[in-house]
Structure formats: structure tokens, C-alpha cells
$ cat model_0.cif   # mmCIF, C-alpha atoms and all ligand atoms
data_input
loop_
_atom_site.label_atom_id
_atom_site.label_comp_id
_atom_site.auth_asym_id
_atom_site.auth_seq_id
_atom_site.Cartn_x
_atom_site.Cartn_y
_atom_site.Cartn_z
CA MET A 1 13.31 8.68 5.35
CA TYR A 2 10.13 6.80 6.06
CA VAL A 3 7.31 7.07 8.53
CA LEU A 4 7.80 3.85 10.49
CA ASN A 5 5.15 4.07 13.18
CA THR A 6 2.39 2.94 10.87
CA TRP A 7 0.90 -0.17 9.30
CA TYR A 8 2.06 -0.98 5.78
CA VAL A 9 0.57 -3.66 3.57
CA ALA A 10 3.25 -6.37 3.57
CA ALA A 11 1.57 -9.08 1.50
CA TRP A 12 -1.68 -10.58 0.31
CA SER A 13 -2.95 -13.23 2.72
CA ASN A 14 -2.70 -15.84 -0.03
CA GLU A 15 0.98 -15.08 -0.65
CA VAL A 16 2.03 -16.22 2.81
CA ASP A 17 2.01 -19.84 3.84
CA ARG A 18 4.44 -22.27 5.47
CA LYS A 19 7.19 -21.52 2.93
CA PRO A 20 9.11 -18.39 3.96
CA VAL A 21 8.52 -15.27 1.82
CA LYS A 22 10.87 -12.31 1.62
CA ARG A 23 9.68 -8.67 1.55
CA VAL A 24 11.67 -5.48 1.90
CA ILE A 25 9.72 -2.64 3.53
CA CYS A 26 11.27 0.76 4.23
CA GLU A 27 14.68 -0.79 3.54
CA GLN A 28 14.11 -3.43 6.22
CA PRO A 29 14.15 -7.03 4.99
CA LEU A 30 11.39 -9.20 6.46
CA VAL A 31 10.66 -12.89 6.29
CA LEU A 32 6.99 -13.87 6.45
CA PHE A 33 5.59 -17.31 7.13
CA ARG A 34 2.68 -18.99 8.92
CA THR A 35 2.83 -21.12 12.03
CA GLN A 36 1.09 -24.49 12.03
CA ASN A 37 -2.22 -22.95 13.13
CA GLY A 38 -2.06 -20.41 10.29
CA THR A 39 -0.94 -17.35 12.26
CA PRO A 40 1.24 -15.10 10.09
CA VAL A 41 4.65 -14.14 11.47
CA ALA A 42 7.15 -11.50 10.33
CA LEU A 43 10.75 -11.55 11.51
CA ALA A 44 13.83 -9.63 10.41
CA ASP A 45 15.17 -11.51 7.41
CA ARG A 46 18.70 -11.63 8.75
CA CYS A 47 20.09 -14.42 10.87
CA ALA A 48 21.68 -13.20 14.09
CA HIS A 49 24.63 -15.53 13.51
CA ARG A 50 26.00 -14.26 10.22
CA ALA A 51 23.25 -12.29 8.50
CA PHE A 52 22.11 -15.03 6.12
CA PRO A 53 18.50 -14.37 4.97
CA LEU A 54 16.10 -16.55 6.97
CA SER A 55 13.81 -16.51 3.93
CA GLU A 56 16.32 -18.90 2.35
CA GLY A 57 15.70 -21.38 5.17
CA ARG A 58 12.69 -23.53 6.05
CA THR A 59 9.93 -23.68 8.61
CA ILE A 60 9.92 -26.50 11.15
CA GLY A 61 6.84 -26.58 13.34
CA ASP A 62 6.25 -22.98 14.41
CA SER A 63 9.93 -22.10 13.97
CA ILE A 64 12.19 -21.11 11.12
CA GLU A 65 15.59 -22.67 10.56
CA CYS A 66 18.43 -20.71 8.98
CA GLY A 67 19.66 -22.39 5.81
CA TYR A 68 23.32 -21.63 6.56
CA HIS A 69 24.26 -23.19 9.93
CA GLY A 70 20.84 -24.14 11.24
CA PHE A 71 20.15 -21.57 13.99
CA THR A 72 16.43 -21.95 14.66
CA TYR A 73 14.10 -19.14 15.73
CA GLY A 74 10.64 -19.31 17.27
CA ALA A 75 7.75 -17.15 16.08
CA ASP A 76 8.79 -14.62 18.76
CA GLY A 77 12.21 -14.21 17.12
CA MET A 78 14.13 -15.90 19.96
CA CYS A 79 16.73 -18.46 18.97
CA THR A 80 15.77 -21.89 20.32
CA LYS A 81 18.48 -24.03 18.80
CA VAL A 82 22.13 -23.76 17.77
CA PRO A 83 22.93 -27.14 16.23
CA ALA A 84 26.71 -26.93 16.77
CA GLN A 85 26.49 -26.40 20.56
CA SER A 86 24.22 -26.90 23.49
CA THR A 87 24.14 -23.29 24.71
CA ILE A 88 22.31 -20.45 23.01
CA PRO A 89 24.05 -17.06 23.06
CA GLU A 90 21.97 -14.34 24.66
CA ARG A 91 22.09 -12.10 21.60
CA ALA A 92 20.85 -14.85 19.31
CA LYS A 93 17.47 -13.36 18.43
CA VAL A 94 15.90 -11.49 15.54
CA ARG A 95 13.38 -8.67 15.53
CA LYS A 96 9.74 -9.62 15.39
CA TYR A 97 7.32 -7.26 13.61
CA PRO A 98 3.69 -6.85 14.71
CA LEU A 99 1.21 -7.99 12.03
CA VAL A 100 -2.50 -7.62 11.40
CA GLU A 101 -4.33 -9.80 8.89
CA LYS A 102 -7.56 -8.31 7.60
CA ASP A 103 -9.74 -8.59 4.49
CA GLY A 104 -7.02 -10.33 2.45
CA TRP A 105 -4.05 -8.17 3.38
CA ILE A 106 -1.29 -8.70 5.94
CA TRP A 107 -0.14 -5.38 7.42
CA ALA A 108 3.22 -4.97 9.17
CA TRP A 109 4.13 -2.36 11.77
CA MET A 110 7.61 -1.09 10.94
CA GLY A 111 8.29 1.18 13.91
CA ASP A 112 8.18 1.00 17.69
CA ALA A 113 6.23 -2.19 18.48
CA ASP A 114 4.87 -0.65 21.71
CA LEU A 115 2.92 1.86 19.63
CA ALA A 116 1.33 -0.71 17.29
CA ASP A 117 -2.46 -0.61 17.58
CA PRO A 118 -4.40 -2.96 15.26
CA ALA A 119 -7.36 -0.54 15.49
CA ASP A 120 -5.32 1.90 13.37
CA VAL A 121 -5.53 -0.32 10.27
CA PRO A 122 -7.91 1.53 7.94
CA ASP A 123 -11.23 0.07 6.79
CA THR A 124 -10.85 -2.19 3.73
CA HIS A 125 -13.93 -4.39 4.22
CA TRP A 126 -15.13 -4.04 0.60
CA MET A 127 -12.40 -6.51 -0.48
CA ASN A 128 -14.06 -9.14 1.63
CA ASP A 129 -17.75 -8.32 1.34
CA PRO A 130 -20.04 -10.57 -0.76
CA GLU A 131 -22.06 -7.50 -1.79
CA TRP A 132 -19.00 -6.32 -3.70
CA ALA A 133 -16.92 -8.01 -6.43
CA THR A 134 -13.19 -7.41 -6.31
CA VAL A 135 -10.39 -7.50 -8.85
CA THR A 136 -6.83 -7.40 -7.51
CA HIS A 137 -3.35 -6.71 -8.82
CA SER A 138 0.04 -6.15 -7.29
CA PHE A 139 3.17 -4.63 -8.69
CA HIS A 140 6.66 -3.59 -7.92
CA PHE A 141 6.77 0.03 -9.13
CA LYS A 142 10.29 1.23 -9.81
CA CYS A 143 9.65 4.63 -8.29
CA ARG A 144 9.53 6.31 -4.89
CA ALA A 145 6.26 6.04 -2.96
CA GLY A 146 5.79 9.82 -3.12
CA LEU A 147 5.21 9.69 -6.86
CA ILE A 148 2.42 7.14 -6.42
CA HIS A 149 0.80 9.33 -3.76
CA ASP A 150 0.91 12.35 -6.07
CA ASN A 151 -0.50 10.26 -8.91
CA LEU A 152 -3.48 9.16 -6.84
CA LEU A 153 -4.11 12.60 -5.38
CA ASP A 154 -4.21 14.28 -8.78
CA LEU A 155 -6.45 12.22 -11.04
CA THR A 156 -6.38 14.79 -13.85
CA HIS A 157 -3.63 12.56 -15.25
CA GLU A 158 -6.45 10.21 -16.31
CA SER A 159 -7.35 12.68 -19.08
CA PHE A 160 -3.98 12.17 -20.74
CA LEU A 161 -2.46 8.91 -19.56
CA HIS A 162 -5.60 6.76 -19.49
CA LYS A 163 -7.50 8.21 -22.47
CA THR A 164 -8.91 4.89 -23.68
CA THR A 165 -9.91 3.44 -20.31
CA VAL A 166 -10.90 5.86 -17.57
CA GLY A 167 -9.87 9.24 -18.97
CA ASP A 168 -11.71 12.12 -20.59
CA ASP A 169 -11.02 15.86 -20.93
CA TYR A 170 -13.88 16.65 -18.58
CA ILE A 171 -11.79 15.43 -15.62
CA TYR A 172 -9.28 18.29 -15.60
CA GLU A 173 -12.06 20.74 -16.43
CA HIS A 174 -13.58 20.19 -12.97
CA GLY A 175 -11.98 21.48 -9.81
CA ILE A 176 -11.47 19.72 -6.49
CA THR A 177 -12.47 20.14 -2.87
CA VAL A 178 -9.73 19.22 -0.40
CA GLU A 179 -10.36 18.33 3.21
CA VAL A 180 -8.04 17.23 5.99
CA GLU A 181 -8.96 15.28 9.09
CA GLY A 182 -6.05 14.23 11.26
CA SER A 183 -3.64 12.56 8.87
CA VAL A 184 -6.27 11.77 6.23
CA VAL A 185 -6.50 13.97 3.14
CA SER A 186 -9.61 13.79 0.95
CA VAL A 187 -9.69 15.15 -2.58
CA ASP A 188 -13.16 15.22 -4.06
CA ARG A 189 -14.14 15.94 -7.65
CA LEU A 190 -17.72 15.99 -8.91
CA MET A 191 -18.23 15.87 -12.69
CA PRO A 192 -21.94 16.47 -13.40
CA SER A 193 -23.72 15.34 -16.59
CA VAL A 194 -20.94 13.40 -18.28
CA ALA A 195 -20.58 10.03 -20.00
CA ALA A 196 -19.48 6.96 -18.01
CA PRO A 197 -15.78 6.07 -18.32
CA PRO A 198 -15.16 3.78 -21.35
CA LEU A 199 -13.69 0.97 -19.21
CA TYR A 200 -16.81 0.61 -17.06
CA ALA A 201 -19.62 1.79 -19.36
CA ASP A 202 -20.35 -1.69 -20.74
CA THR A 203 -20.11 -3.44 -17.39
CA MET A 204 -22.41 -0.87 -15.85
CA ASP A 205 -24.60 -0.93 -18.96
CA ALA A 206 -24.53 2.82 -18.57
CA ARG A 207 -25.64 4.89 -21.54
CA GLY A 208 -26.44 8.60 -21.54
CA LEU A 209 -25.30 11.15 -19.01
CA PHE A 210 -24.46 10.74 -15.35
CA ASP A 211 -22.82 12.53 -12.47
CA ARG A 212 -19.37 11.05 -12.10
CA PHE A 213 -17.36 11.45 -8.91
CA HIS A 214 -13.94 10.71 -7.47
CA CYS A 215 -13.05 11.05 -3.85
CA THR A 216 -9.51 10.01 -2.99
CA GLU A 217 -9.01 9.48 0.71
CA PHE A 218 -5.32 9.27 1.53
CA PHE A 219 -4.48 7.75 4.91
CA VAL A 220 -0.99 9.22 5.02
CA PRO A 221 1.39 7.49 4.40
CA ASN A 222 0.22 4.01 3.43
CA LEU A 223 -3.23 3.70 1.85
CA HIS A 224 -5.44 5.51 -0.65
CA VAL A 225 -9.11 4.61 -0.76
CA LEU A 226 -10.68 5.97 -3.91
CA HIS A 227 -14.46 6.23 -3.63
CA SER A 228 -15.67 6.69 -7.17
CA GLY A 229 -18.55 5.91 -9.47
CA ILE A 230 -21.43 7.36 -11.42
CA THR A 231 -24.97 8.18 -10.38
CA GLY A 232 -28.06 9.66 -12.02
CA GLU A 233 -27.86 13.38 -12.75
CA GLY A 234 -28.46 15.25 -9.50
CA ARG A 235 -28.94 12.00 -7.55
CA PRO A 236 -27.11 10.99 -4.33
CA ARG A 237 -23.88 9.08 -4.86
CA GLU A 238 -25.02 6.12 -2.74
CA GLU A 239 -27.68 5.30 -5.35
CA GLY A 240 -25.18 4.87 -8.15
CA TYR A 241 -22.70 2.37 -9.50
CA LEU A 242 -20.04 2.48 -6.82
CA ILE A 243 -16.35 1.60 -6.94
CA LYS A 244 -13.89 1.44 -4.05
CA VAL A 245 -10.27 1.28 -5.15
CA LEU A 246 -7.87 0.35 -2.38
CA ASN A 247 -4.26 1.26 -3.07
CA GLY A 248 -1.80 -0.02 -0.46
CA ILE A 249 1.49 1.76 -1.08
CA THR A 250 4.52 0.34 0.69
CA PRO A 251 8.01 1.79 0.22
CA ILE A 252 10.76 -0.72 -0.56
CA ASP A 253 13.51 1.87 -0.67
CA GLU A 254 14.07 5.38 -1.96
CA HIS A 255 13.42 4.39 -5.57
CA ASN A 256 11.09 1.38 -5.39
CA SER A 257 7.62 0.64 -3.99
CA TRP A 258 5.16 -2.20 -3.59
CA TYR A 259 1.72 -1.44 -4.97
CA TYR A 260 -1.18 -3.58 -3.64
CA TYR A 261 -4.36 -2.85 -5.58
CA ALA A 262 -7.95 -3.96 -5.06
CA PHE A 263 -10.87 -2.69 -7.14
CA SER A 264 -14.27 -3.48 -5.58
CA ARG A 265 -17.58 -2.76 -7.33
CA ASN A 266 -21.22 -2.99 -6.25
CA PHE A 267 -22.55 -3.70 -9.77
CA ALA A 268 -22.44 -6.81 -12.00
CA VAL A 269 -21.17 -8.57 -8.89
CA ASP A 270 -21.87 -12.10 -10.20
CA ASP A 271 -20.76 -11.40 -13.74
CA SER A 272 -17.50 -13.30 -14.15
CA GLN A 273 -16.95 -11.96 -17.68
CA ALA A 274 -17.17 -8.42 -16.32
CA THR A 275 -14.64 -9.36 -13.63
CA GLU A 276 -12.27 -10.72 -16.25
CA ASP A 277 -12.70 -7.69 -18.54
CA LEU A 278 -12.01 -5.38 -15.61
CA ARG A 279 -9.01 -7.42 -14.53
CA VAL A 280 -7.46 -7.00 -17.97
CA GLY A 281 -8.54 -3.36 -18.39
CA LEU A 282 -7.30 -2.30 -14.96
CA ASN A 283 -4.00 -4.03 -15.58
CA THR A 284 -3.62 -1.77 -18.64
CA VAL A 285 -4.40 1.29 -16.51
CA LEU A 286 -1.85 0.29 -13.87
CA GLN A 287 0.81 -0.46 -16.47
CA GLU A 288 0.27 3.02 -17.89
CA ASP A 289 0.76 4.42 -14.39
CA ALA A 290 3.86 2.28 -13.83
CA GLU A 291 5.50 3.44 -17.05
CA ALA A 292 4.74 7.10 -16.34
CA LEU A 293 5.94 6.95 -12.74
CA GLU A 294 9.10 5.06 -13.59
CA ALA A 295 9.88 7.71 -16.21
CA GLN A 296 9.19 10.40 -13.59
CA GLU A 297 11.49 8.62 -11.13
CA ILE A 298 14.31 8.97 -13.67
CA GLY A 299 13.28 12.60 -14.14
CA MET A 300 13.51 13.15 -10.38
CA GLN A 301 16.91 11.55 -10.11
CA THR A 302 18.32 13.65 -12.94
CA ARG A 303 16.65 16.90 -11.85
CA PRO A 304 19.21 19.53 -10.81
CA ALA A 305 19.26 20.47 -7.13
CA GLY A 306 17.15 23.55 -6.49
CA GLU A 307 14.55 22.71 -9.13
CA PHE A 308 11.17 21.79 -7.62
CA ASP A 309 7.68 20.74 -8.74
CA VAL A 310 5.44 23.54 -9.99
CA LEU A 311 2.18 22.98 -8.13
CA ILE A 312 -1.18 24.20 -9.49
CA ALA A 313 -4.70 24.39 -8.03
CA GLN A 314 -5.35 20.72 -8.87
CA ASP A 315 -2.42 19.85 -6.58
CA GLY A 316 -4.26 21.05 -3.48
CA GLY A 317 -4.37 17.49 -2.07
CA VAL A 318 -0.76 16.83 -3.03
CA ALA A 319 0.40 19.89 -1.09
CA LYS A 320 -1.64 19.00 2.01
CA ALA A 321 -0.45 15.38 1.98
CA ARG A 322 3.19 16.42 1.69
CA ARG A 323 2.78 18.69 4.69
CA ILE A 324 1.25 15.89 6.78
CA LEU A 325 3.96 13.45 5.73
CA SER A 326 6.66 15.91 6.66
CA THR A 327 5.01 16.56 10.07
CA LEU A 328 4.79 12.81 10.77
CA LEU A 329 8.44 12.36 9.83
CA LYS A 330 9.59 15.25 11.98
CA ARG A 331 7.56 13.96 14.92
CA GLU A 332 9.15 10.51 14.65
CA GLN A 333 12.62 11.97 14.32
CA ALA A 334 12.11 14.18 17.35
CA ALA A 335 10.86 11.20 19.37
CA ALA A 336 13.84 9.11 18.23
CA ALA A 337 16.29 11.90 19.14
CA ALA A 338 14.73 12.21 22.60
CA ARG A 339 15.04 8.48 23.29
CA PRO A 340 18.08 7.52 25.39
CA VAL A 341 20.76 5.70 23.41
CA ALA A 342 21.20 2.09 24.57
CA GLY A 343 24.32 1.76 26.69
CA ALA A 344 24.80 5.52 27.10
CA ARG A 345 25.64 6.80 30.59
CA ALA A 346 23.39 9.30 32.26
S1 LIG B 1 24.06 -17.46 9.34
FE1 LIG B 1 22.29 -18.39 10.11
S2 LIG B 1 23.02 -20.04 11.24
FE2 LIG B 1 24.82 -19.10 10.50
FE FE B 2 -3.45 6.47 -13.15
#

$ encode --input "model_0.cif" --output "C-alpha cells"
Amino acid sequence: MYVLNTWYVAAWSNEVDRKPVKRVICEQPLVLFRTQNGTPVALADRCAHRAFPLSEGRTIGDSIECGYHGFTYGADGMCTKVPAQSTIPERAKVRKYPLVEKDGWIWAWMGDADLADPADVPDTHWMNDPEWATVTHSFHFKCRAGLIHDNLLDLTHESFLHKTTVGDDYIYEHGITVEVEGSVVSVDRLMPSVAAPPLYADTMDARGLFDRFHCTEFFVPNLHVLHSGITGEGRPREEGYLIKVLNGITPIDEHNSWYYYAFSRNFAVDDSQATEDLRVGLNTVLQEDAEALEAQEIGMQTRPAGEFDVLIAQDGGVAKARRILSTLLKREQAAAAARPVAGARA
């Protein structure tokens, strides 16, 4: 059960070129490639002839040729060539998925193509802004997307799971403010007069006490933008050392997710050693998350029916996000049920 009428991060721009790339999103296999002028294309990764993955084939001009019997499809998904005969069967076509390429990510629209609006792709400009330096990672997390959402909406786990990097007991000692606007949930935590997190303190050259803040903005169901940082005690956040962490969460299936991660900072922007230290340190943080969430996924799968999460005050954002997700799902299901079935008689 996935929300399909939304944009999901499908790949980094630099992962997609002329050679076909396979991605599974919401249980739908896609093949991604670029046409000769560099436009990215996503088609269903299943040949109309006999379901061979097109990602095993090759691009020719702006088309892709199936590696099994050579059916060839244009960038619009229509078959243009059947090598063994001169006619092309009418049903020889594959689904084409709308794409948007922006700031280093390629987003795919997994639902009704008529509803795809590129303006709905959230703001990620920090990844591509020379005023900010960015470190990136991507992972296949062996867990359901919901566990990653919960993880990002409740950062008190940093106190325990990320003790040596970004954690400290003061995190869970401070409460949160939760706000909802449309399908965006914001969870804000202000931690006044505390030390900078160990992972960033050196890079920031931050000694003494600061006001630390986290504000996770979850664009349900696909992206978390974490606005965090430290600023002088009692000073406005904008004056401080700022971090924008973009977390593109894309379901593969019920038990697996793609995790596209970009960490942008407005300090030590030209310091390549700082970038390298952060790249290594953040990889440690994400590996700690991966291990915890994969263990939780096993916990979920072995949990007896009728046993549910015990939510506490710190889960205020988790609860709101789950409600929004469930509303979006119900809305899509109702719309799908109301749609006439192809071929059905009135
Ligand atoms: S399966 Fe693709 S051409 Fe036969
Ligand atoms: Fe974490």
C-alpha cells in the first residue's frame, strides 16, 4: 500500500546516463536512461513482448532495445521496431513515468500521469547552491519506509543510537512543537544553552554553549527536510551555523526502501577536509540508523497481531504523519474505486 500520486526520488542525476539503470519503486520496476540530448526517461522495466527487463538491453539513439528479441521502444514507451516482422502489434508499448530533474535528483511520478505537476516537487535548492557545501550518501535500507519516517520524526533516538556523533542526553530532555500544514508535518525542538554536537563541533570551531535546534519538515510521504544547527544563546537561528539535511525516502517494497541523503551546510563551505570528515562521520550515523531500522523491521515482522507501538509525547509528529499518510492512501483508494474499469459495460 503506497501513495502513488506523488514524486519519489528515483535516482541521483549522476547515476543515470545512456546505459539503462534499473530501480524498483513501490514494487514497480523502472528502467531509467538518458536520450541523446541528456533528457532522463523512465519506462516500465518489462518488455511488452515477454516481460524481459528492458534494463538488460541497450539504448540506441533515443530508444531502448530489449535484450531478448530486440523489440525497440521510443522515449514515449511506444514500440517502434519488432525485428522479426514488419508490423508492430498495437499493444506493444510500455508505461512511461513522468520525471523531474532538479538539484541533483531525478524524481519519478508513480501514479496517475495526468495528475503529475512538477511544481509539487519540494524545494531542495541547498544541494545545488554554491553558498552551501553538500555531502551525499545513498543506501538500500532493508526496512519499510514507515520506520525511516518514524526515525526522522523522533530524533530523541540520537541520544542513544548516535552517542558519539550527534547525540546527547539533552535531546530527549527537550520537548517538541508539532505543526501541520496540508500534508507537511513539522517537528521542532529547541535546545537552549548546550554544547555543539561532537560530529560538527570541530568543523564549526564551536566551543562553549549554544542554542541547538532541529526542525524536521516531513513532506508526506517522500521527503524529510531537517533544518538544524546551532546559534548563539538567545540569537535568531538564521545567524547560526545552519544545516539542511534532505532525506528522500522511496519505498522499494513492503520491507525495503531507498534512502537518498544530502547534508548541506553553510559553514566551512570551502574546507575539503571538513567535507571529507563529515562524509565519513555521517556515513557512521546512517549505518547506525540502518542497523537499528533493519533490526526493527525484523521486530515488526515477528510482532504478534494485535500488538502495536506505544506512542509517547515525543511521538507527536509520528502520530500526525501517520494520520496524513492514511488519509492520502484512503483518498487514492477511493478515487481508484470510483474510476470505471477498462472494458466494463455501463
Ligand atoms: S521479451 Fe523483449 S523482445 Fe521479447
Ligand atoms: Fe538517526

$ residues_near_ligand --input "model_0.cif" --ligand "ligand LIG 1 (chain B)" --cutoff "10 Å" --atoms "only C-alpha atoms and all ligand atoms" --output "ChimeraX atom specification"
/A:46-54,56-57,65-73,81-84,92

$ residues_near_ligand --input "model_0.cif" --ligand "ligand FE 2 (chain B)" --cutoff "10 Å" --atoms "all atoms listed in the file" --output "ChimeraX atom specification"
/A:148,151-162,166-167,282,284-290,292-293

$ write_last_selection --input "model_0.cif" --atoms "C-alpha atoms" --output "PDB file, in the frame of the given file"
ATOM      1  CA  ILE A 148       2.420   7.140  -6.420  1.00  0.00           C
ATOM      2  CA  ASN A 151      -0.500  10.260  -8.910  1.00  0.00           C
ATOM      3  CA  LEU A 152      -3.480   9.160  -6.840  1.00  0.00           C
ATOM      4  CA  LEU A 153      -4.110  12.600  -5.380  1.00  0.00           C
ATOM      5  CA  ASP A 154      -4.210  14.280  -8.780  1.00  0.00           C
ATOM      6  CA  LEU A 155      -6.450  12.220 -11.040  1.00  0.00           C
ATOM      7  CA  THR A 156      -6.380  14.790 -13.850  1.00  0.00           C
ATOM      8  CA  HIS A 157      -3.630  12.560 -15.250  1.00  0.00           C
ATOM      9  CA  GLU A 158      -6.450  10.210 -16.310  1.00  0.00           C
ATOM     10  CA  SER A 159      -7.350  12.680 -19.080  1.00  0.00           C
ATOM     11  CA  PHE A 160      -3.980  12.170 -20.740  1.00  0.00           C
ATOM     12  CA  LEU A 161      -2.460   8.910 -19.560  1.00  0.00           C
ATOM     13  CA  HIS A 162      -5.600   6.760 -19.490  1.00  0.00           C
ATOM     14  CA  VAL A 166     -10.900   5.860 -17.570  1.00  0.00           C
ATOM     15  CA  GLY A 167      -9.870   9.240 -18.970  1.00  0.00           C
ATOM     16  CA  LEU A 282      -7.300  -2.300 -14.960  1.00  0.00           C
ATOM     17  CA  THR A 284      -3.620  -1.770 -18.640  1.00  0.00           C
ATOM     18  CA  VAL A 285      -4.400   1.290 -16.510  1.00  0.00           C
ATOM     19  CA  LEU A 286      -1.850   0.290 -13.870  1.00  0.00           C
ATOM     20  CA  GLN A 287       0.810  -0.460 -16.470  1.00  0.00           C
ATOM     21  CA  GLU A 288       0.270   3.020 -17.890  1.00  0.00           C
ATOM     22  CA  ASP A 289       0.760   4.420 -14.390  1.00  0.00           C
ATOM     23  CA  ALA A 290       3.860   2.280 -13.830  1.00  0.00           C
ATOM     24  CA  ALA A 292       4.740   7.100 -16.340  1.00  0.00           C
ATOM     25  CA  LEU A 293       5.940   6.950 -12.740  1.00  0.00           C
TER      26      LEU A 293
END

$ residues_around --input "model_0.cif" --residues "segment 229-241 of chain A" --least-positions-apart "6" --cutoff "6 Å" --atoms "all atoms listed in the file" --output "list in words"
Ser193, Phe210, Asp211, Arg212 and Phe213 of chain A

$ closest_residue --input "model_0.cif" --among "A:Gly175, A:Thr6, A:Phe139, A:Lys163" --to "Leu99 of chain A" --atoms "only C-alpha atoms"
A:Thr6

$ residues_around --input "model_0.cif" --residues "segment 313-319 of chain A" --least-positions-apart "3" --cutoff "10 Å" --atoms "only C-alpha atoms" --output "compact mmCIF listing (two decimals) with C-alpha atoms, in the frame of the given file"
# COMPACT_ATOMS: atom_id res chain seq x y z
CA GLY A 146 5.79 9.82 -3.12
CA HIS A 149 0.80 9.33 -3.76
CA ASP A 150 0.91 12.35 -6.07
CA ASN A 151 -0.50 10.26 -8.91
CA LEU A 152 -3.48 9.16 -6.84
CA LEU A 153 -4.11 12.60 -5.38
CA ASP A 154 -4.21 14.28 -8.78
CA LEU A 155 -6.45 12.22 -11.04
CA THR A 156 -6.38 14.79 -13.85
CA TYR A 172 -9.28 18.29 -15.60
CA HIS A 174 -13.58 20.19 -12.97
CA GLY A 175 -11.98 21.48 -9.81
CA ILE A 176 -11.47 19.72 -6.49
CA THR A 177 -12.47 20.14 -2.87
CA VAL A 178 -9.73 19.22 -0.40
CA GLU A 179 -10.36 18.33 3.21
CA VAL A 180 -8.04 17.23 5.99
CA VAL A 185 -6.50 13.97 3.14
CA SER A 186 -9.61 13.79 0.95
CA VAL A 187 -9.69 15.15 -2.58
CA ASP A 188 -13.16 15.22 -4.06
CA THR A 216 -9.51 10.01 -2.99
CA GLU A 217 -9.01 9.48 0.71
CA PHE A 218 -5.32 9.27 1.53
CA VAL A 310 5.44 23.54 -9.99
CA ARG A 322 3.19 16.42 1.69
CA ARG A 323 2.78 18.69 4.69
CA ILE A 324 1.25 15.89 6.78

$ residues_around --input "model_0.cif" --residues "Thr59 of chain A" --least-positions-apart "4" --cutoff "7 Å" --atoms "only C-alpha atoms" --output "list in words"
Arg18, Lys19, Ser63, Ile64 and Glu65 of chain A

$ closest_residue --input "model_0.cif" --among "A:Ala206, A:Ala336, A:Val135, A:Ala321" --to "His224 of chain A" --atoms "all atoms listed in the file"
A:Ala321

$ closest_residue --input "model_0.cif" --among "A:Asp117, A:Glu131, A:Asp76, A:Glu90" --to "Ala268 of chain A" --atoms "only C-alpha atoms"
A:Glu131

$ atom_distance --input "model_0.cif" --atom1 "atom CA of Leu199 of chain A" --atom2 "atom CA of Ile171 of chain A"
15.0 Å

$ closest_residue --input "model_0.cif" --among "A:Gly182, A:Pro197, A:Pro304, A:Pro192" --to "Leu328 of chain A" --atoms "all atoms listed in the file"
A:Gly182

$ decode --input "model_0.cif" --residues "segment 286-298 of chain A" --atoms "N, CA and C atoms" --output "tab-separated table (two decimals), in the first residue's frame"
chain	number	residue	atom	x	y	z
A	286	LEU	N	24.51	7.11	9.54
A	286	LEU	CA	23.49	6.43	8.72
A	286	LEU	C	23.59	4.91	8.85
A	287	GLN	N	24.79	4.41	9.04
A	287	GLN	CA	24.93	2.96	9.25
A	287	GLN	C	24.29	2.57	10.57
A	288	GLU	N	24.44	3.44	11.59
A	288	GLU	CA	23.80	3.15	12.88
A	288	GLU	C	22.28	3.12	12.70
A	289	ASP	N	21.76	4.07	11.92
A	289	ASP	CA	20.32	4.07	11.64
A	289	ASP	C	19.91	2.80	10.90
A	290	ALA	N	20.70	2.45	9.88
A	290	ALA	CA	20.36	1.27	9.06
A	290	ALA	C	20.28	0.02	9.93
A	291	GLU	N	21.28	-0.16	10.78
A	291	GLU	CA	21.28	-1.36	11.63
A	291	GLU	C	20.08	-1.39	12.56
A	292	ALA	N	19.79	-0.22	13.16
A	292	ALA	CA	18.65	-0.17	14.09
A	292	ALA	C	17.34	-0.45	13.36
A	293	LEU	N	17.18	0.17	12.19
A	293	LEU	CA	15.89	0.04	11.49
A	293	LEU	C	15.72	-1.36	10.90
A	294	GLU	N	16.82	-1.96	10.49
A	294	GLU	CA	16.71	-3.32	9.97
A	294	GLU	C	16.36	-4.29	11.10
A	295	ALA	N	16.89	-4.02	12.29
A	295	ALA	CA	16.53	-4.85	13.45
A	295	ALA	C	15.06	-4.63	13.81
A	296	GLN	N	14.60	-3.37	13.69
A	296	GLN	CA	13.19	-3.07	13.97
A	296	GLN	C	12.28	-3.75	12.95
A	297	GLU	N	12.74	-3.77	11.69
A	297	GLU	CA	11.93	-4.41	10.63
A	297	GLU	C	11.69	-5.89	11.00
A	298	ILE	N	12.72	-6.54	11.50
A	298	ILE	CA	12.55	-7.94	11.93
A	298	ILE	C	11.59	-7.98	13.11
